[in-house]
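Presented below is the structure to which this report refers.
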Amino acid sequence: MARLIVGALQSEWNEETEIVVNIGGVKQVLYGDVLTRFPETRLAELVDSSLKSSEEISLICDDYDPDTGEFYFDRDPEAFKCIIELYYYGEIHMKRGICPICFMKEMEFWKIDSDFLDECCKSHLKEVEDELAEIAEKVRTILVDREGDPSAGGWQRFQICLWRLMEKPESSLPAHIIAIVSFIFILISSVVMCVGTIPDLQVEDSEGKLTEHPVLEVIETVCIGWFTIEYLLRLISSPNKIKFVLSFMNIIDFMAIMPFYVVLILTSFGAGMMELANVQQAVQALRIMRIARIFKLARHSSGLQTLTSALKSSLKELGLLLMYMGVGVFLFSALGYTMEQNHPDTLFTSIPQSFWWAVITMTTVGYGDVYPKTTLGRCNAAISFLCGVIAIALPIHPIINNFVLFYNKQQVLETAAKHEIELMALRTGGELKAASVKSWDLGKLKVKSNMLISSAVIAALLHHLIHLTKCQFEE
């Protein structure tokens, strides 16, 4: 009976207790009945602090003043304003300007589970965590590429060195030279392909048909030879052959060299085979496929790679743009045909034929080959023009945001890599501890390591990630 009475009095005392906490220099008064709503948290442990020893209290807070009964915590006061919302509203919402990664450390300190975080904040946290994991993985890959695997055999070491030579221009001076040479070959091949279509530079064959100049064919052959050797060396040195073959950029490389050999094989069958109409059309189509080699420039341009990533992440916005334009083209072409069909000199002979007019009008091109001649038709054209401008402008902002985001991520990676390269030079002098790589799964290009990434690299990553996070919240 006495225990029940003491327990009841203690419970009543806890509910009426005022607890003074000092968070980073900001003093706040909390109440026991509020804190006990979540008894597993650190703040709830302060309610019965009078029954704890000084050693137990020191494990809860950074400092304690017994005279004033004030608990000191060397934590972020702005983050604590969000933490305290849990006890009043049952969930936590991060304010703008707070780094999600740092806020999760605050929640871990206050012994609050991440499930209490609001759903909208969880999505931002997931984005930042994915960015950090991606950047850290790329930094580790750069480190492994530069330091190599000491346990690899002779063939594996040769394969790794060849892979760096062909795929990592920043790894060494020879690799950088090979990248420049490859870039020059791409430009020469593209220029030759364009110049070869000029009639004044073409020559007549035995049948009187214009063909490419022999000198241009020789240059084309040399370029194809370089592209073929480059592709085969990269395929041989690739750690994952299937992933290499199915990669988008490698498919582009294959399409750039494949037409040359197909045409060569068809030509080797003799003139009888080449006289077939279907074969001639196939040869012309394969020659047109040579334009794919211009996309090889993306392999040596980080800007084009960033643009490609931004467009991939903006497929939804691009789909909306096409839907808006499709609806507008159908609507205004039908209206234009209806309003113009009775005019004696009408250029709108059918709705499908009017699609061309609607497309060039809504995209503000306006070639002038098809135009309305009635007053209602011109009013319809003006409205379609304005609607086209609005429809094109709507998805532009998200696409630009995605481009800026991917560009900033690329800048973070480059900055981190530069810091790491500089610090690796200092490691050789014993000023920093070198990163140790325990194992390399060459088949999957996965690093199972115990790397100690330099503090300067982590600081650079977190600085840029916090800046990116602030921008995301402000938007």
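In the structure tokens, each chain is lettered A, B, ... as it comes, each chain's residues begin at 1, and ligands are numbered from 1 in order of appearance.
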So that I can check the secondary structure, give me every residue of stretch 53-119 of chain A assigned strand (DSSP E or B) by backbone DSSP, as number ranges by chain.
A: 63-65, 70-73, 92, 117
Secondary structure check, helix (DSSP H, G or I) residues of stretch 229-278 of chain A, as a VMD selection string:
chain A and resid 229 to 237 241 to 246 248 to 268 271 to 274 277 to 278
Show me, as JSON, numbers by chain, the residues that have an atom within 7 Å of stretch 373-389 of chain A when counting only C-alpha atoms, minus same-chain residues fewer than 5 positions from it.
{"A": [332, 336, 339, 340, 361, 362, 363, 364]}
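Using only C-alpha atoms, the smallest distance between any of A:Leu315, A:Met104, A:Ile57, A:Ile92 and A:Lys126 comes from A:Met104.
Distances from A:Ser237, A:Gln305, A:Gln353, A:Ser54 to A:Ala334 were compared using only C-alpha atoms, and the smallest one belongs to A:Gln353.
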Calculated over only C-alpha atoms, which of the candidates A:Thr306, A:Ser238, A:Ser190, A:Thr267 has the smallest distance to A:Leu216?
A:Ser190
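In terms of minimum interatomic distance to A:Thr211, A:Ile198 ranks closest within A:Leu311, A:Ile198, A:Ala358, A:Cys161, counting only C-alpha atoms.
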Atom pair atom CA of A:Asp200 / atom CA of A:Gly225: separation (Å):
26.9 Å
